[in-house]
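Visitor: Next comes the structure file my_file-v1.cif, holding mmCIF, C-alpha atoms.
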data_my_file
loop_
_atom_site.label_atom_id
_atom_site.label_comp_id
_atom_site.auth_asym_id
_atom_site.auth_seq_id
_atom_site.Cartn_x
_atom_site.Cartn_y
_atom_site.Cartn_z
CA MET A 1 -8.95 0.48 9.07
CA GLN A 2 -7.73 -0.15 12.58
CA GLU A 3 -10.37 0.28 15.26
CA SER A 4 -8.35 -0.60 18.31
CA ARG A 5 -7.21 2.70 19.70
CA THR A 6 -5.79 3.75 22.98
CA ASN A 7 -6.39 6.97 24.75
CA ALA A 8 -3.82 9.54 23.79
CA ARG A 9 -3.91 10.99 27.29
CA ASP A 10 -2.78 7.65 28.57
CA ARG A 11 0.64 7.94 27.06
CA GLU A 12 3.21 8.16 29.77
CA GLN A 13 5.98 7.95 27.26
CA PRO A 14 6.39 11.09 25.23
CA GLY A 15 8.12 10.33 21.96
CA ALA A 16 11.81 10.25 22.54
CA MET A 17 12.47 11.28 18.98
CA GLU A 18 9.91 14.00 19.34
CA GLU A 19 11.55 15.40 22.39
CA LEU A 20 14.84 15.41 20.62
CA ALA A 21 13.40 17.23 17.66
CA ARG A 22 11.85 19.88 19.86
CA ASP A 23 14.65 20.26 22.32
CA PRO A 24 18.01 21.14 20.87
CA SER A 25 19.51 21.02 24.34
CA SER A 26 19.07 17.23 24.46
CA ARG A 27 21.51 17.10 21.59
CA LYS A 28 23.92 19.20 23.56
CA ARG A 29 23.38 16.99 26.57
CA PHE A 30 24.35 14.04 24.50
CA LEU A 31 27.49 15.72 23.29
CA ARG A 32 28.45 16.64 26.82
CA MET A 33 27.85 13.11 27.90
CA VAL A 34 29.91 11.81 25.06
CA GLY A 35 32.74 14.07 26.01
CA GLY A 36 32.67 13.07 29.65
CA ALA A 37 33.55 9.94 31.50
CA GLY A 38 30.11 8.58 30.63
CA ALA A 39 31.40 7.89 27.18
CA ALA A 40 33.13 4.76 28.35
CA GLY A 41 31.25 1.52 28.25
CA ALA A 42 27.97 0.78 26.64
CA PHE A 43 28.01 3.16 23.75
CA ALA A 44 31.69 3.40 23.16
CA VAL A 45 31.30 1.42 20.00
CA PHE A 46 28.89 3.97 18.61
CA LEU A 47 30.65 7.02 19.77
CA ALA A 48 33.52 6.44 17.47
CA ALA A 49 30.95 6.22 14.74
CA CYS A 50 28.95 9.28 15.65
CA THR A 51 29.12 12.04 13.17
CA ASP A 52 28.66 15.72 12.98
CA ASP A 53 25.62 15.69 10.79
CA ASP A 54 25.30 19.42 10.74
CA GLY A 55 27.39 19.48 7.63
CA GLY A 56 29.90 21.87 9.06
CA GLY A 57 27.44 23.78 11.17
CA GLY A 58 28.54 22.27 14.44
CA SER A 59 30.88 23.85 16.89
CA SER A 60 34.46 22.77 17.04
CA SER A 61 33.81 21.02 20.32
CA ASN A 62 31.10 19.02 18.63
CA ARG A 63 33.48 17.95 15.99
CA ASP A 64 36.18 17.01 18.43
CA VAL A 65 33.78 14.83 20.30
CA ALA A 66 31.81 13.40 17.49
CA SER A 67 34.61 12.57 15.14
CA PRO A 68 37.81 11.82 16.93
CA GLY A 69 39.58 11.25 13.68
CA GLY A 70 38.32 14.50 12.26
CA VAL A 71 37.01 12.69 9.23
CA ALA A 72 33.30 13.06 9.61
CA SER A 73 32.57 16.19 7.66
CA ASN A 74 32.65 14.60 4.25
CA ARG A 75 30.83 11.49 5.22
CA ASP A 76 27.35 12.40 4.11
CA ARG A 77 28.70 13.79 0.92
CA GLY A 78 30.13 10.44 0.03
CA GLY A 79 33.71 11.62 0.49
CA ASP A 80 36.70 9.34 0.62
CA PRO A 81 35.18 5.92 1.13
CA LYS A 82 38.13 4.88 3.25
CA GLU A 83 37.16 7.42 5.84
CA GLY A 84 34.09 7.76 7.98
CA THR A 85 31.82 5.17 9.45
CA SER A 86 32.64 1.63 8.47
CA ASP A 87 30.03 -0.94 7.57
CA VAL A 88 30.86 -2.82 10.76
CA GLU A 89 30.16 0.30 12.80
CA ILE A 90 26.87 0.84 11.02
CA LEU A 91 25.95 -2.82 11.48
CA ASN A 92 26.76 -2.66 15.18
CA TYR A 93 24.67 0.46 15.49
CA ALA A 94 21.76 -1.34 13.84
CA LEU A 95 22.44 -4.37 16.02
CA SER A 96 22.22 -2.30 19.17
CA LEU A 97 18.82 -1.04 18.08
CA GLU A 98 17.65 -4.56 17.32
CA ASN A 99 18.94 -5.66 20.72
CA LEU A 100 16.95 -2.88 22.31
CA GLU A 101 13.80 -3.81 20.40
CA THR A 102 14.19 -7.49 21.18
CA SER A 103 14.63 -6.67 24.84
CA LEU A 104 11.57 -4.40 24.81
CA TYR A 105 9.30 -6.98 23.21
CA GLY A 106 10.60 -9.73 25.48
CA LYS A 107 9.72 -7.69 28.54
CA VAL A 108 6.37 -6.68 27.07
CA VAL A 109 5.43 -10.31 26.46
CA GLU A 110 6.42 -11.16 30.06
CA SER A 111 4.53 -8.18 31.47
CA GLY A 112 1.16 -9.82 30.96
CA LEU A 113 -0.28 -6.52 29.71
CA PHE A 114 -1.36 -8.08 26.43
CA ARG A 115 -3.35 -11.07 25.35
CA GLY A 116 -5.06 -12.38 22.28
CA SER A 117 -4.33 -10.91 18.87
CA GLN A 118 -2.23 -8.02 20.19
CA LEU A 119 -0.02 -10.45 22.09
CA ASP A 120 0.35 -12.52 18.93
CA LEU A 121 1.33 -9.42 17.01
CA ILE A 122 3.94 -8.45 19.60
CA LYS A 123 5.37 -11.96 19.59
CA LYS A 124 5.61 -11.85 15.83
CA PHE A 125 7.42 -8.51 15.93
CA ALA A 126 9.74 -9.90 18.62
CA ASP A 127 10.54 -12.81 16.36
CA ASN A 128 11.28 -10.45 13.45
CA GLU A 129 13.68 -8.45 15.62
CA ARG A 130 15.41 -11.56 16.89
CA GLN A 131 16.05 -12.63 13.30
CA HIS A 132 17.36 -9.19 12.44
CA ARG A 133 19.72 -9.43 15.38
CA GLU A 134 21.00 -12.83 14.30
CA LEU A 135 21.65 -11.70 10.75
CA LEU A 136 23.41 -8.53 11.89
CA GLU A 137 25.59 -10.45 14.36
CA ALA A 138 26.54 -12.94 11.70
CA THR A 139 27.31 -10.17 9.22
CA VAL A 140 29.50 -8.28 11.69
CA GLU A 141 31.45 -11.46 12.33
CA LYS A 142 31.72 -12.18 8.64
CA LEU A 143 33.29 -8.76 8.16
CA GLY A 144 35.78 -9.48 10.92
CA GLY A 145 34.14 -7.32 13.58
CA LYS A 146 32.93 -8.00 17.08
CA PRO A 147 29.13 -7.86 17.42
CA ALA A 148 27.83 -5.31 19.92
CA ALA A 149 26.62 -7.09 23.05
CA PRO A 150 23.06 -6.56 24.30
CA GLN A 151 22.77 -3.95 27.05
CA LYS A 152 20.67 -4.06 30.18
CA THR A 153 17.50 -2.12 29.56
CA SER A 154 14.69 -0.51 31.52
CA PHE A 155 11.38 0.44 29.98
CA PRO A 156 8.29 1.97 31.56
CA LEU A 157 5.80 -0.87 31.23
CA ASN A 158 2.86 0.44 33.18
CA SER A 159 -0.04 0.23 30.79
CA ALA A 160 -0.83 -1.41 27.47
CA SER A 161 -1.41 1.93 25.78
CA GLY A 162 1.85 3.32 27.12
CA VAL A 163 3.72 0.27 25.89
CA LEU A 164 2.21 0.51 22.42
CA THR A 165 3.14 4.18 22.21
CA LEU A 166 6.67 3.41 23.35
CA ALA A 167 6.96 0.61 20.81
CA ALA A 168 5.61 2.87 18.08
CA THR A 169 8.17 5.53 18.94
CA ILE A 170 11.02 3.05 18.92
CA GLU A 171 9.92 1.38 15.67
CA ASN A 172 9.44 4.71 13.89
CA GLY A 173 12.87 5.67 15.14
CA GLY A 174 14.28 2.33 14.02
CA ALA A 175 12.92 2.78 10.51
CA ALA A 176 14.35 6.31 10.41
CA ALA A 177 17.66 4.99 11.72
CA TYR A 178 18.03 2.47 8.89
CA LEU A 179 16.96 5.12 6.41
CA GLY A 180 19.63 7.44 7.78
CA GLN A 181 22.39 4.89 7.16
CA ALA A 182 21.35 3.38 3.83
CA ASN A 183 23.43 5.66 1.65
CA ARG A 184 26.50 5.38 3.86
CA ILE A 185 26.83 1.64 3.56
CA ARG A 186 29.57 0.56 1.16
CA ASP A 187 29.09 -3.16 0.71
CA LYS A 188 26.18 -4.01 -1.60
CA GLU A 189 25.27 -7.12 0.35
CA VAL A 190 25.22 -5.21 3.60
CA LEU A 191 23.06 -2.58 1.91
CA ALA A 192 20.64 -5.23 0.63
CA ALA A 193 20.34 -6.68 4.13
CA ALA A 194 19.77 -3.27 5.69
CA LEU A 195 17.11 -2.44 3.13
CA SER A 196 15.28 -5.69 3.72
CA ILE A 197 15.20 -4.91 7.45
CA HIS A 198 14.34 -1.22 6.97
CA THR A 199 10.99 -1.96 5.36
CA VAL A 200 10.08 -4.48 8.06
CA GLU A 201 10.72 -1.85 10.74
CA ALA A 202 8.47 0.43 8.70
CA ARG A 203 5.71 -2.18 8.74
CA HIS A 204 5.95 -2.52 12.50
CA ALA A 205 5.88 1.25 12.89
CA ALA A 206 2.82 1.65 10.65
CA VAL A 207 0.82 -0.98 12.52
CA LEU A 208 1.78 0.31 15.95
CA ASN A 209 0.89 3.84 14.88
CA GLU A 210 -2.56 2.63 13.89
CA LEU A 211 -2.97 0.86 17.22
CA VAL A 212 -2.33 4.07 19.13
CA GLY A 213 -4.48 6.17 16.84
CA LEU A 214 -1.76 7.83 14.82
CA PRO A 215 -1.44 7.92 11.04
CA PRO A 216 0.53 4.96 9.65
CA THR A 217 2.48 7.39 7.50
CA PRO A 218 2.97 10.26 9.94
CA GLN A 219 5.28 12.16 7.62
CA GLY A 220 3.13 11.83 4.54
CA SER A 221 4.57 10.74 1.22
CA PHE A 222 8.25 10.68 2.15
CA ALA A 223 9.77 9.17 5.29
CA GLY A 224 12.48 11.10 7.07
CA PRO A 225 15.88 9.78 8.19
CA LEU A 226 17.48 10.20 11.60
CA SER A 227 21.21 10.40 12.23
CA MET A 228 23.04 8.00 14.51
CA GLU A 229 23.49 10.73 17.03
CA GLU A 230 19.80 11.57 17.14
CA VAL A 231 18.77 7.96 17.53
CA LEU A 232 21.37 7.11 20.16
CA THR A 233 20.47 10.16 22.18
CA SER A 234 16.83 9.23 22.22
CA VAL A 235 17.31 5.58 23.19
CA GLN A 236 19.94 6.33 25.82
CA ARG A 237 17.27 6.64 28.51
CA TYR A 238 16.33 2.96 28.12
CA ILE A 239 19.87 1.70 28.60
CA ASP A 240 20.98 1.04 32.17
CA SER A 241 24.25 2.75 32.91
CA MET B 242 21.92 14.83 3.49
CA THR B 243 19.11 17.29 3.66
CA ARG B 244 17.37 16.78 6.95
CA ALA B 245 13.75 15.81 6.79
CA ASN B 246 11.53 15.54 9.80
CA PRO B 247 12.37 12.92 12.35
CA ALA B 248 10.08 9.94 12.23
CA VAL B 249 7.85 11.10 14.99
CA PRO B 250 4.19 10.23 15.02
CA ASP B 251 3.30 13.50 16.71
CA LEU B 252 5.01 15.54 14.04
CA SER B 253 2.75 14.02 11.45
CA THR B 254 1.60 17.25 9.97
CA VAL B 255 4.97 18.89 9.57
CA GLU B 256 6.21 19.12 6.05
CA VAL B 257 9.70 19.59 4.74
CA GLN B 258 9.98 23.25 5.43
CA GLY B 259 9.90 25.72 2.63
CA LEU B 260 10.10 23.13 -0.08
CA THR B 261 7.62 21.11 -1.99
CA ARG B 262 8.40 17.47 -1.63
CA GLY B 263 9.34 17.31 -5.26
CA SER B 264 11.84 20.09 -5.04
CA PHE B 265 13.15 18.55 -1.85
CA LEU B 266 14.05 15.42 -3.75
CA LEU B 267 15.28 17.39 -6.69
CA ARG B 268 17.56 19.39 -4.48
CA SER B 269 18.87 16.16 -3.02
CA ALA B 270 19.54 14.88 -6.48
CA PHE B 271 21.39 18.00 -7.48
CA ALA B 272 23.39 17.92 -4.29
CA ALA B 273 24.64 14.58 -5.50
CA GLY B 274 26.21 16.36 -8.42
CA THR B 275 28.92 17.69 -6.18
CA VAL B 276 29.71 14.17 -5.04
CA TYR B 277 30.71 13.24 -8.51
CA GLY B 278 32.78 16.31 -8.96
CA ALA B 279 30.48 17.64 -11.60
CA GLY B 280 31.18 21.11 -10.30
CA ALA B 281 28.93 23.37 -8.35
CA VAL B 282 27.94 25.77 -11.08
CA GLY B 283 27.66 26.25 -14.78
CA PRO B 284 25.81 24.78 -17.71
CA TYR B 285 28.00 21.70 -17.77
CA VAL B 286 26.73 20.39 -14.51
CA LYS B 287 23.61 18.86 -15.88
CA HIS B 288 25.40 17.21 -18.75
CA ALA B 289 28.25 15.80 -16.72
CA PHE B 290 25.90 14.71 -14.02
CA ALA B 291 23.64 12.97 -16.47
CA GLN B 292 26.55 10.97 -17.82
CA SER B 293 27.79 9.89 -14.45
CA ASN B 294 24.27 8.91 -13.44
CA ALA B 295 23.00 7.18 -16.54
CA GLY B 296 22.31 4.08 -14.50
CA ASP B 297 20.44 6.01 -11.86
CA VAL B 298 18.12 7.49 -14.47
CA GLU B 299 17.25 3.99 -15.62
CA VAL B 300 16.43 2.95 -12.07
CA LEU B 301 14.36 6.08 -11.57
CA LYS B 302 12.42 5.46 -14.78
CA PHE B 303 11.68 1.98 -13.55
CA ALA B 304 10.46 3.39 -10.24
CA LEU B 305 8.39 5.95 -12.11
CA THR B 306 6.56 3.23 -14.01
CA LEU B 307 5.65 1.56 -10.74
CA GLU B 308 4.51 4.76 -9.11
CA LEU B 309 2.40 5.66 -12.15
CA LEU B 310 0.83 2.24 -11.95
CA GLU B 311 0.05 2.61 -8.26
CA ALA B 312 -1.29 6.15 -8.67
CA ALA B 313 -3.57 5.04 -11.49
CA PHE B 314 -4.68 2.07 -9.44
CA TYR B 315 -5.83 4.12 -6.45
CA GLU B 316 -7.51 6.65 -8.72
CA ARG B 317 -9.42 3.89 -10.45
CA ALA B 318 -10.33 2.32 -7.09
CA LEU B 319 -12.13 5.48 -5.98
CA ARG B 320 -14.79 4.76 -8.57
CA LEU B 321 -15.75 1.66 -6.59
CA PRO B 322 -18.29 1.77 -3.79
CA LEU B 323 -15.76 1.59 -0.94
CA SER B 324 -16.58 1.78 2.75
CA GLY B 325 -15.52 4.89 4.64
CA GLY B 326 -12.19 3.77 6.08
CA VAL B 327 -11.10 2.01 2.92
CA ARG B 328 -12.03 4.98 0.74
CA GLU B 329 -10.05 7.25 2.99
CA MET B 330 -7.08 4.91 2.75
CA ALA B 331 -7.29 4.80 -1.06
CA GLN B 332 -7.35 8.59 -1.15
CA THR B 333 -4.38 8.97 1.17
CA PHE B 334 -2.27 6.29 -0.46
CA GLY B 335 -3.18 7.59 -3.91
CA LYS B 336 -1.95 11.03 -2.89
CA HIS B 337 1.34 9.54 -1.70
CA GLU B 338 1.84 7.74 -5.00
CA ARG B 339 1.08 10.89 -7.00
CA GLU B 340 3.65 12.76 -4.96
CA HIS B 341 6.16 9.98 -5.58
CA VAL B 342 5.44 10.33 -9.30
CA SER B 343 6.09 14.10 -9.30
CA ALA B 344 9.23 13.76 -7.20
CA ILE B 345 10.69 11.05 -9.41
CA GLU B 346 9.80 12.92 -12.61
CA GLU B 347 11.51 16.03 -11.32
CA THR B 348 14.54 14.04 -10.25
CA ILE B 349 14.86 12.35 -13.65
CA ASP B 350 14.56 15.75 -15.24
CA GLY B 351 17.16 17.14 -12.88
CA LEU B 352 19.55 14.36 -13.81
CA GLY B 353 19.18 15.27 -17.46
CA GLY B 354 16.89 12.38 -18.32
CA LYS B 355 13.46 12.52 -19.84
CA PRO B 356 10.60 10.95 -17.89
CA ASP B 357 8.58 8.49 -19.94
CA ARG B 358 4.98 9.32 -20.67
CA ALA B 359 2.47 7.58 -18.46
CA PRO B 360 1.30 4.27 -19.94
CA ARG B 361 -2.39 3.42 -19.91
CA PHE B 362 -3.37 0.92 -17.28
CA SER B 363 -6.33 -1.29 -16.62
CA PHE B 364 -7.13 -3.13 -13.40
CA PRO B 365 -9.48 -5.98 -12.60
CA LEU B 366 -11.39 -4.09 -9.91
CA ARG B 367 -14.91 -5.19 -9.03
CA ASP B 368 -15.41 -4.43 -5.38
CA GLU B 369 -13.69 -3.54 -2.15
CA ARG B 370 -12.40 -7.02 -1.69
CA SER B 371 -10.70 -7.20 -5.06
CA PHE B 372 -9.33 -3.72 -4.51
CA LEU B 373 -7.69 -4.64 -1.20
CA ALA B 374 -6.29 -7.87 -2.61
CA LEU B 375 -4.73 -6.16 -5.60
CA ALA B 376 -3.56 -3.23 -3.48
CA GLN B 377 -1.62 -5.66 -1.33
CA THR B 378 -0.04 -7.27 -4.38
CA LEU B 379 0.99 -3.94 -5.88
CA GLU B 380 2.38 -2.48 -2.68
CA GLU B 381 4.32 -5.64 -1.87
CA THR B 382 5.71 -5.61 -5.38
CA GLY B 383 6.66 -1.98 -4.88
CA VAL B 384 8.57 -2.76 -1.68
CA SER B 385 10.48 -5.59 -3.30
CA ALA B 386 11.10 -3.58 -6.45
CA TYR B 387 12.73 -0.71 -4.59
CA ASN B 388 14.68 -3.02 -2.32
CA GLY B 389 15.99 -4.85 -5.36
CA ALA B 390 16.78 -1.79 -7.44
CA ALA B 391 18.25 0.34 -4.67
CA VAL B 392 21.53 -1.54 -4.54
CA GLN B 393 22.17 -0.47 -8.13
CA ILE B 394 21.83 3.23 -7.38
CA ARG B 395 25.13 5.06 -7.44
CA SER B 396 24.23 8.50 -6.20
CA PRO B 397 23.96 8.59 -2.39
CA GLU B 398 21.29 11.26 -2.69
CA VAL B 399 19.15 9.30 -5.11
CA LEU B 400 19.53 6.27 -2.87
CA ALA B 401 18.38 8.30 0.12
CA ALA B 402 15.36 9.50 -1.84
CA ALA B 403 14.49 5.94 -2.88
CA GLY B 404 14.69 4.94 0.77
CA GLN B 405 12.30 7.70 1.73
CA ILE B 406 9.81 6.34 -0.78
CA VAL B 407 10.16 2.61 -0.13
CA GLN B 408 9.52 3.11 3.55
CA ILE B 409 6.12 4.55 2.63
CA GLU B 410 5.37 1.61 0.33
CA ALA B 411 6.14 -0.73 3.22
CA ARG B 412 3.84 1.18 5.54
CA HIS B 413 1.09 0.97 2.93
CA ALA B 414 1.62 -2.76 2.57
CA ALA B 415 1.37 -3.28 6.33
CA VAL B 416 -1.85 -1.26 6.62
CA ILE B 417 -3.48 -3.09 3.73
CA ARG B 418 -2.46 -6.45 5.14
CA THR B 419 -3.95 -5.51 8.49
CA ALA B 420 -7.17 -4.42 6.78
CA ARG B 421 -7.27 -7.90 5.20
CA SER B 422 -6.65 -9.59 8.57
CA GLN B 423 -3.22 -10.72 7.47
CA ALA B 424 0.07 -10.51 9.34
CA PRO B 425 1.52 -7.06 8.56
CA ALA B 426 5.13 -8.24 8.58
CA PRO B 427 5.01 -11.88 7.57
CA LEU B 428 8.75 -12.10 6.96
CA ALA B 429 11.64 -10.79 9.03
CA PHE B 430 13.33 -9.70 5.82
CA ASP B 431 11.44 -8.17 2.93
CA LYS B 432 12.21 -9.70 -0.40
CA ALA B 433 14.01 -8.02 -3.24
CA LEU B 434 12.91 -8.44 -6.84
CA ARG B 435 14.87 -7.84 -10.01
CA MET B 436 13.60 -5.14 -12.34
CA LYS B 437 12.79 -7.71 -14.97
CA GLN B 438 10.63 -9.69 -12.54
CA VAL B 439 8.79 -6.55 -11.50
CA LEU B 440 8.09 -5.43 -15.05
CA GLN B 441 6.82 -8.90 -15.84
CA ALA B 442 4.47 -8.68 -12.85
CA ALA B 443 3.22 -5.27 -13.97
CA LYS B 444 2.54 -6.37 -17.54
CA PRO B 445 -1.03 -7.61 -17.03
CA PHE B 446 -2.05 -4.08 -16.01
CA LEU B 447 -0.54 -2.33 -19.02
CA LYS B 448 -2.93 -1.55 -21.84
CA SER B 449 -1.29 -2.23 -25.14
#
Once more with this new file: its structure as structure tokens, please.
Guide:
Amino acid sequence: MQESRTNARDREQPGAMEELARDPSSRKRFLRMVGGAGAAGAFAVFLAACTDDDGGGGSSSNRDVASPGGVASNRDRGGDPKEGTSDVEILNYALSLENLETSLYGKVVESGLFRGSQLDLIKKFADNERQHRELLEATVEKLGGKPAAPQKTSFPLNSASGVLTLAATIENGGAAAYLGQANRIRDKEVLAAALSIHTVEARHAAVLNELVGLPPTPQGSFAGPLSMEEVLTSVQRYIDS
Amino acid sequence: MTRANPAVPDLSTVEVQGLTRGSFLLRSAFAAGTVYGAGAVGPYVKHAFAQSNAGDVEVLKFALTLELLEAAFYERALRLPLSGGVREMAQTFGKHEREHVSAIEETIDGLGGKPDRAPRFSFPLRDERSFLALAQTLEETGVSAYNGAAVQIRSPEVLAAAGQIVQIEARHAAVIRTARSQAPAPLAFDKALRMKQVLQAAKPFLKS
């Protein structure tokens, strides 16, 4: 299989998703941030969409913050379809992730850290993400929404191995993000589009995992979803405030 | 939705805690029963649930056929003289497909359906090269099959489970493509196939 491996010790970018999974306080940090003045601006569009995914296990303050309308608790149970996260909100969430990925790959290409076949691969992935972004923007507009604008980003681009690990983390998170939303999408066409992107993110993730010496299917036979809140928390560090 | 592990490379070895993967999916499927107001308890749940999910059982049976085909394919491939890395891949992917089979069978059962018996398959496998070529075809078909069928699924929990599986099929496809020196993600959007198209594509491998 893939021979090109980077040294694991070289990773300066511990998995954002991993940190989140291990550190429940990062979740609390996010909630605090959401509640504070920091909520304004970049992620405002998501915040309205963020849910209490604990299924009732969250504190009341969580719920106040995460679901201003108080409608989130039934969302994952497929409650009243008129309530909860709208398709436009989900699309804008996906769009923000695609914007982030596009920005990352653009900067990676410019960094000069890669050449040859790996550079070609990164350019191809960048092109995939750009197309995802265009489709998502068009779909948001078609549904009468306003597409989320790209944010200014900062990534640690110090070494090729670090970049590949960062990209792997973000792509695995991206795949998990789409997986986490699939059964909350109402419109069948929007669902079909999300599914067709989901599996491309999975391809990227698998290949990047191999490049950094990780299993292409790190979770075995069944991939795991991530909630909006989990994903947004973990990518927050790459967004300039 | 039942929380699985976050998609973290470093958490690769962590399993869904305290549950076999099959029962994990099964539990998801049963959780969907409450969505349809089938009631939380009692002997009527299964019956009512089965009725409201008749379409989902059909989709699951379709997926089961594909997974049985893939599982049989990887099993058959291990009889070939494969090089180390490729053999390892066939073993790992074969294990994934077998686990998909068990999970889908249990879910069909849980929905009150009856899983079909495994058909007999035959594959034109001569060597490593033909194995990798056919593996790519089957995995790509799997991705498109799930992406096409998923929009028909009514239960949010069954849809989530299908998503958990199709992501693995896509990862397989990318790895196999890379092993064949092909672009792992040739298209920005993976295609969707209709069930009929998929079954037609699978026909040559079914022993009559």
Visitor: Residues within 9 Å of Asn183 of chain A, please, as a ChimeraX atom specification. Count all atoms listed in the file; anything in the same chain fewer than 6 positions from it doesn't count.
Guide: /A:76,78,191 /B:396-401,404
Visitor: Taking (7.8, 5.2, 13.0) in the file's own coordinates, collect the residues within 10 Å, counting all atoms listed in the file, and hand them back as a VMD selection string.
Guide: (chain A and resid 17 167 to 177 201 to 209 215 to 219 223 to 224) or (chain B and resid 247 to 250 408 412)
Visitor: To one decimal place, how far is atom CA of Leu136 of chain A from atom CA of Gln181 of chain A in Å?
Guide: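 The value is 14.3 Å.
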Visitor: Near Ser449 of chain B, counting only C-alpha atoms, which residues have an atom at most 10 Å away, once you skip same-chain residues fewer than 5 positions from it, shown as a list in words?
Guide: Pro360, Arg361, Phe362, Ser363 and Lys444 of chain B
Visitor: Could you check which residues have any atom within 12 Å of (13.5, -1.0, 27.9), counting only C-alpha atoms with coordinates taken straight from the file, and then list them as a PDB file with C-alpha atoms, in the coordinates of the input?
Guide:
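result.pdb written:
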ATOM      1  CA  GLN A  13       5.980   7.950  27.260  1.00  0.00           C
ATOM      2  CA  LEU A  97      18.820  -1.040  18.080  1.00  0.00           C
ATOM      3  CA  GLU A  98      17.650  -4.560  17.320  1.00  0.00           C
ATOM      4  CA  ASN A  99      18.940  -5.660  20.720  1.00  0.00           C
ATOM      5  CA  LEU A 100      16.950  -2.880  22.310  1.00  0.00           C
ATOM      6  CA  GLU A 101      13.800  -3.810  20.400  1.00  0.00           C
ATOM      7  CA  THR A 102      14.190  -7.490  21.180  1.00  0.00           C
ATOM      8  CA  SER A 103      14.630  -6.670  24.840  1.00  0.00           C
ATOM      9  CA  LEU A 104      11.570  -4.400  24.810  1.00  0.00           C
ATOM     10  CA  TYR A 105       9.300  -6.980  23.210  1.00  0.00           C
ATOM     11  CA  GLY A 106      10.600  -9.730  25.480  1.00  0.00           C
ATOM     12  CA  LYS A 107       9.720  -7.690  28.540  1.00  0.00           C
ATOM     13  CA  VAL A 108       6.370  -6.680  27.070  1.00  0.00           C
ATOM     14  CA  PRO A 150      23.060  -6.560  24.300  1.00  0.00           C
ATOM     15  CA  GLN A 151      22.770  -3.950  27.050  1.00  0.00           C
ATOM     16  CA  LYS A 152      20.670  -4.060  30.180  1.00  0.00           C
ATOM     17  CA  THR A 153      17.500  -2.120  29.560  1.00  0.00           C
ATOM     18  CA  SER A 154      14.690  -0.510  31.520  1.00  0.00           C
ATOM     19  CA  PHE A 155      11.380   0.440  29.980  1.00  0.00           C
ATOM     20  CA  PRO A 156       8.290   1.970  31.560  1.00  0.00           C
ATOM     21  CA  LEU A 157       5.800  -0.870  31.230  1.00  0.00           C
ATOM     22  CA  ASN A 158       2.860   0.440  33.180  1.00  0.00           C
ATOM     23  CA  VAL A 163       3.720   0.270  25.890  1.00  0.00           C
ATOM     24  CA  LEU A 166       6.670   3.410  23.350  1.00  0.00           C
ATOM     25  CA  ALA A 167       6.960   0.610  20.810  1.00  0.00           C
ATOM     26  CA  ILE A 170      11.020   3.050  18.920  1.00  0.00           C
ATOM     27  CA  VAL A 235      17.310   5.580  23.190  1.00  0.00           C
ATOM     28  CA  GLN A 236      19.940   6.330  25.820  1.00  0.00           C
ATOM     29  CA  ARG A 237      17.270   6.640  28.510  1.00  0.00           C
ATOM     30  CA  TYR A 238      16.330   2.960  28.120  1.00  0.00           C
ATOM     31  CA  ILE A 239      19.870   1.700  28.600  1.00  0.00           C
ATOM     32  CA  ASP A 240      20.980   1.040  32.170  1.00  0.00           C
TER      33      ASP A 240
END
Visitor: Please enclose the listed atoms of segment 115-122 of chain A in an axis-aligned box, pad each side by 5 Å, and write out the centre and the three edge lengths in Å, rounded to one decimal, as AutoDock Vina command-line options.
Guide:
--center_x -0.6 --center_y -10.3 --center_z 21.2 --size_x 19.0 --size_y 14.5 --size_z 18.3
Visitor: Can you tell me which residues surround Arg418 of chain B at a distance of at most 12 Å, considering only C-alpha atoms, apart from same-chain residues fewer than 2 positions away, and format the answer as a ChimeraX atom specification?
Guide: /A:1-2,203-204,206-207 /B:373-381,411-416,420-427
Visitor: Would you work out the distance separating atom CA of Lys448 of chain B from atom CA of Ala359 of chain B, expressed in Å to one decimal?
Guide: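 Taking atom CA of Lys448 of chain B as the start and atom CA of Ala359 of chain B as the end point, the length is 11.1 Å.
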Visitor: Interatomic distance between atom CA of Ser385 of chain B and atom CA of Leu434 of chain B?
Guide: 5.2 Å
